[in-house]
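Participant: Encoded as structure tokens, here's the structure I'll be asking about.
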Amino acid sequence: MLVDQFCFSLDVSKLKEGSVVWQSPSNIALVKYWGKKEHQIPENTSISFTLNECKTITTLTFTKKKLTENFSFQVFLDEKPKPDFQPKISTFFKRIEAYLPFLKHYHFVIKTKNTFPHSSGIASSASGMSALALCLMSVEKLHNPEMTQEYFNKKASFLARLGSGSACRSIEGSLVVWGNHSEIEGSSELYGIKYPYQVHDNFNNFNDTILLVDKGEKQVSSTVGHNLMHGHPFAKNRFAQAEENISKLKSILASGDLNAFVELVESEALTLHAMMMTSLPYFILMKPNTLEIINKIWQFRNETGLPICFTLDAGANVHVLYPEKDEEKILKFINTELVAYCQNGHYICDKIGFGAKKQ
Ligand code: DP6
């Protein structure tokens, strides 16, 4: 599958060396991507909030070399060599080679760091792969300076997707849609787009406090996880439900209905975990403390009427979403009632951001 709009030819003779730096955030899905086809094409549309503080900062240095058969690169995390990142990046380079014909003409040094602790159980693939894709797009732009900003972002998202699906939702915008949805104009399964409609003020300043319940390595890799949806007895219904949830969320985002938002977001999180519990092999990725937190959130919401809700990734950590205006009361609740369930009492306060930045 070759997507012509992102192919180009170039003269590599002019550019000898250089360096580019990008920072790119993580994102948290409201309607989840779980299940993919070949070539990193999602089985259903997903939508996410872009985070602000949890991000990867990547410096890519390139030096011209003789054209060789293999890619030539070194990876560093926090200034230390990180050979275990090598295979994932090699796979990424292979997938994107047809779109970046300069890849084998340079030696690359990739220096990367995350603003969140490596052992926090927060996946760095979305921020990491999007930061690298953006760096590579900056190299393409040096070869082809007249490209538009629109093309730059679209192709960055397209490339990021080939590194990690959810990474395509980390380039640009606070709310990003990925997947071909009939009610979202311009949406595509090839890249993420900024949510193109008016969003009610209720959703403009949202917080995401990430409760670190389990900082261990992921129990189920994303590749294994997505594969669980092949032949899953509920797959067809789940994919249809996600598309319906995107339509529902579109009305919710327009009307500002926070109760409906809470219901939809929590239902999506639990459905994601239900898919894992009902696949073969099956997994329970929630920990007892995840459930304790969920019950406390429900109790607090019943008592106060505040629009606080949770969502989950493919792990035990809990993302607590709420409007910034309720921050004081909700942080007090988190500090008195929820920290006890976090590993070493750790949590990360984040807000909804706007996307990646060049440095
Ligand atoms: C549960 O993007 O990590 O976070 O495409 O295999 O890299 P790959 O998967 P990945 O899957 C993320 C799944 C999720 C839900 C979501 O972010 O939509």
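By convention here, the chains of the structure tokens are called A, B, ... in the order presented, each chain's residues are numbered starting at 1, and ligands are numbered starting at 1 in the order presented.
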Could the residues that lie within 8 Å of ligand 1, counting only C-alpha atoms and all ligand atoms, be listed as an MDAnalysis selection string?
Facilitator: chainID A and resid 27:34 36 40 46:48 123 125:126 161:167 221:223 225:226 272 312:314
Participant: Can you list, as a ChimeraX atom specification, every protein, DNA or RNA residue that comes within 10 Å of range 290-294 of chain A when you count only C-alpha atoms, leaving out same-chain residues fewer than 2 positions away?
Facilitator: /A:211-214,266,285-288,296-300,309-312,315-318,320,334,337-342
Participant: Write out as a PyMOL selection string each polymer residue whose atoms come within 8 Å of Thr112 in chain A, counting only C-alpha atoms; drop sequence neighbours fewer than 5 positions from it.
Facilitator: chain A and resi 56-59+75-79+128
Participant: Any idea what the distance is between CA of His200 in chain A and CA of Leu258 in chain A?
Facilitator: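 Atom-to-atom, CA of His200 in chain A and CA of Leu258 in chain A are spaced 10.1 Å apart.
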Participant: Counting only C-alpha atoms, which of A:Leu190, A:Ala160, A:Ile171, A:Leu253 gets nearest to Gln5 in chain A?
Facilitator: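 Going through A:Leu190, A:Ala160, A:Ile171, A:Leu253 one by one, the smallest distance to Gln5 in chain A is for A:Leu190.
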Participant: With distances taken over only C-alpha atoms, which of A:Glu97, A:Glu189, A:Glu303, A:Glu268 is nearest to Glu38 in chain A?
Facilitator: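 Closest candidate: A:Glu189.
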Participant: Excluding Asn202 in chain A and residues on its chain fewer than 5 positions from it, collect all residues at most 10 Å away from it, counting only C-alpha atoms, and give them as a list in words.
Facilitator: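 The neighbour list is Leu253, Ala254, Ser255, Gly256, Asp257, Leu258, Tyr322, Pro323, Glu324 and Lys325 of chain A.
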Participant: Generate a file of the selected residues that holds all heavy atoms, formatted as a PDB file, in the first residue's frame.
Facilitator:
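part13.pdb, written as the output of this step:
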ATOM      1  N   LEU A 253     -19.897  17.332  22.477  1.00  0.00           N
ATOM      2  CA  LEU A 253     -18.898  18.414  22.421  1.00  0.00           C
ATOM      3  C   LEU A 253     -19.556  19.727  22.003  1.00  0.00           C
ATOM      4  O   LEU A 253     -19.133  20.804  22.417  1.00  0.00           O
ATOM      5  CB  LEU A 253     -17.760  18.052  21.459  1.00  0.00           C
ATOM      6  CG  LEU A 253     -16.842  16.916  21.928  1.00  0.00           C
ATOM      7  CD1 LEU A 253     -15.885  16.497  20.812  1.00  0.00           C
ATOM      8  CD2 LEU A 253     -16.054  17.289  23.180  1.00  0.00           C
ATOM      9  N   ALA A 254     -20.611  19.624  21.191  1.00  0.00           N
ATOM     10  CA  ALA A 254     -21.304  20.839  20.750  1.00  0.00           C
ATOM     11  C   ALA A 254     -22.209  21.382  21.853  1.00  0.00           C
ATOM     12  O   ALA A 254     -22.246  22.580  22.115  1.00  0.00           O
ATOM     13  CB  ALA A 254     -22.112  20.532  19.496  1.00  0.00           C
ATOM     14  N   SER A 255     -22.915  20.492  22.558  1.00  0.00           N
ATOM     15  CA  SER A 255     -23.908  20.956  23.535  1.00  0.00           C
ATOM     16  C   SER A 255     -23.290  21.284  24.895  1.00  0.00           C
ATOM     17  O   SER A 255     -23.860  22.031  25.675  1.00  0.00           O
ATOM     18  CB  SER A 255     -24.986  19.883  23.733  1.00  0.00           C
ATOM     19  OG  SER A 255     -24.407  18.763  24.397  1.00  0.00           O
ATOM     20  N   GLY A 256     -22.131  20.687  25.182  1.00  0.00           N
ATOM     21  CA  GLY A 256     -21.503  20.931  26.488  1.00  0.00           C
ATOM     22  C   GLY A 256     -22.080  20.047  27.577  1.00  0.00           C
ATOM     23  O   GLY A 256     -21.898  20.336  28.769  1.00  0.00           O
ATOM     24  N   ASP A 257     -22.753  18.968  27.211  1.00  0.00           N
ATOM     25  CA  ASP A 257     -23.393  18.083  28.185  1.00  0.00           C
ATOM     26  C   ASP A 257     -22.340  17.240  28.937  1.00  0.00           C
ATOM     27  O   ASP A 257     -21.904  16.183  28.467  1.00  0.00           O
ATOM     28  CB  ASP A 257     -24.375  17.169  27.426  1.00  0.00           C
ATOM     29  CG  ASP A 257     -25.195  16.303  28.368  1.00  0.00           C
ATOM     30  OD1 ASP A 257     -24.793  16.128  29.535  1.00  0.00           O
ATOM     31  OD2 ASP A 257     -26.238  15.781  27.910  1.00  0.00           O
ATOM     32  N   LEU A 258     -21.962  17.732  30.116  1.00  0.00           N
ATOM     33  CA  LEU A 258     -20.881  17.072  30.867  1.00  0.00           C
ATOM     34  C   LEU A 258     -21.293  15.697  31.395  1.00  0.00           C
ATOM     35  O   LEU A 258     -20.466  14.788  31.465  1.00  0.00           O
ATOM     36  CB  LEU A 258     -20.414  17.972  32.015  1.00  0.00           C
ATOM     37  CG  LEU A 258     -19.516  19.146  31.567  1.00  0.00           C
ATOM     38  CD1 LEU A 258     -19.439  20.221  32.643  1.00  0.00           C
ATOM     39  CD2 LEU A 258     -18.108  18.674  31.208  1.00  0.00           C
ATOM     40  N   TYR A 322     -11.345  16.244  34.380  1.00  0.00           N
ATOM     41  CA  TYR A 322     -12.295  17.193  34.994  1.00  0.00           C
ATOM     42  C   TYR A 322     -12.005  18.610  34.515  1.00  0.00           C
ATOM     43  O   TYR A 322     -10.874  18.923  34.131  1.00  0.00           O
ATOM     44  CB  TYR A 322     -12.223  17.127  36.532  1.00  0.00           C
ATOM     45  CG  TYR A 322     -10.814  17.288  37.087  1.00  0.00           C
ATOM     46  CD1 TYR A 322     -10.335  18.539  37.483  1.00  0.00           C
ATOM     47  CD2 TYR A 322      -9.972  16.189  37.203  1.00  0.00           C
ATOM     48  CE1 TYR A 322      -9.048  18.682  37.990  1.00  0.00           C
ATOM     49  CE2 TYR A 322      -8.681  16.331  37.708  1.00  0.00           C
ATOM     50  CZ  TYR A 322      -8.232  17.576  38.086  1.00  0.00           C
ATOM     51  OH  TYR A 322      -6.941  17.718  38.568  1.00  0.00           O
ATOM     52  N   PRO A 323     -13.016  19.494  34.576  1.00  0.00           N
ATOM     53  CA  PRO A 323     -12.791  20.876  34.151  1.00  0.00           C
ATOM     54  C   PRO A 323     -11.821  21.580  35.111  1.00  0.00           C
ATOM     55  O   PRO A 323     -11.877  21.360  36.324  1.00  0.00           O
ATOM     56  CB  PRO A 323     -14.174  21.524  34.245  1.00  0.00           C
ATOM     57  CG  PRO A 323     -15.139  20.387  34.287  1.00  0.00           C
ATOM     58  CD  PRO A 323     -14.421  19.256  34.938  1.00  0.00           C
ATOM     59  N   GLU A 324     -10.992  22.422  34.530  1.00  0.00           N
ATOM     60  CA  GLU A 324      -9.988  23.153  35.328  1.00  0.00           C
ATOM     61  C   GLU A 324     -10.642  23.966  36.445  1.00  0.00           C
ATOM     62  O   GLU A 324     -10.087  24.117  37.524  1.00  0.00           O
ATOM     63  CB  GLU A 324      -9.227  24.080  34.387  1.00  0.00           C
ATOM     64  CG  GLU A 324      -8.002  24.718  34.972  1.00  0.00           C
ATOM     65  CD  GLU A 324      -7.353  25.668  33.968  1.00  0.00           C
ATOM     66  OE1 GLU A 324      -8.073  26.439  33.285  1.00  0.00           O
ATOM     67  OE2 GLU A 324      -6.124  25.626  33.855  1.00  0.00           O
ATOM     68  N   LYS A 325     -11.859  24.459  36.185  1.00  0.00           N
ATOM     69  CA  LYS A 325     -12.493  25.317  37.191  1.00  0.00           C
ATOM     70  C   LYS A 325     -12.814  24.558  38.481  1.00  0.00           C
ATOM     71  O   LYS A 325     -13.003  25.170  39.529  1.00  0.00           O
ATOM     72  CB  LYS A 325     -13.727  26.029  36.618  1.00  0.00           C
ATOM     73  CG  LYS A 325     -14.905  25.151  36.307  1.00  0.00           C
ATOM     74  CD  LYS A 325     -16.095  26.010  35.904  1.00  0.00           C
ATOM     75  CE  LYS A 325     -17.327  25.211  35.544  1.00  0.00           C
ATOM     76  NZ  LYS A 325     -17.753  24.176  36.484  1.00  0.00           N
TER      77      LYS A 325
END
Participant: Quote the spacing between CA of Pro87 in chain A and CA of Phe8 in chain A in Å to one decimal place.
Facilitator: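 Taking CA of Pro87 in chain A as the start and CA of Phe8 in chain A as the end point, the length is 25.8 Å.
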Participant: Using the chain letters and numbers from this document, which residues of range 59-147 of chain A does DSSP assign to helix (DSSP H, G or I), as an MDAnalysis selection string?
Facilitator: chainID A and resid 83:99 103:105 118:120 125:143
Participant: Can you list, as a CSV table (one decimal) with N, CA, C and O atoms, in the first residue's frame, every residue of range 125-179 of chain A that DSSP puts in strand (DSSP E or B)?
Facilitator:
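And here is the file that came out, states_14.csv:
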chain,number,residue,atom,x,y,z
A,172,GLU,N,-1.1,17.9,16.2
A,172,GLU,CA,-1.7,19.3,16.1
A,172,GLU,C,-3.1,19.3,16.7
A,172,GLU,O,-3.9,18.4,16.2
A,175,LEU,N,-8.0,18.4,20.4
A,175,LEU,CA,-8.8,17.2,20.2
A,175,LEU,C,-8.5,16.7,18.8
A,175,LEU,O,-8.6,17.5,17.9
A,176,VAL,N,-8.1,15.4,18.7
A,176,VAL,CA,-7.7,14.9,17.4
A,176,VAL,C,-8.5,13.6,17.1
A,176,VAL,O,-8.6,12.8,17.9
A,177,VAL,N,-8.9,13.6,15.8
A,177,VAL,CA,-9.7,12.4,15.4
A,177,VAL,C,-8.8,11.7,14.4
A,177,VAL,O,-8.2,12.2,13.5
A,178,TRP,N,-8.8,10.4,14.5
A,178,TRP,CA,-8.1,9.5,13.6
A,178,TRP,C,-9.1,8.4,13.1
A,178,TRP,O,-9.6,7.6,14.0
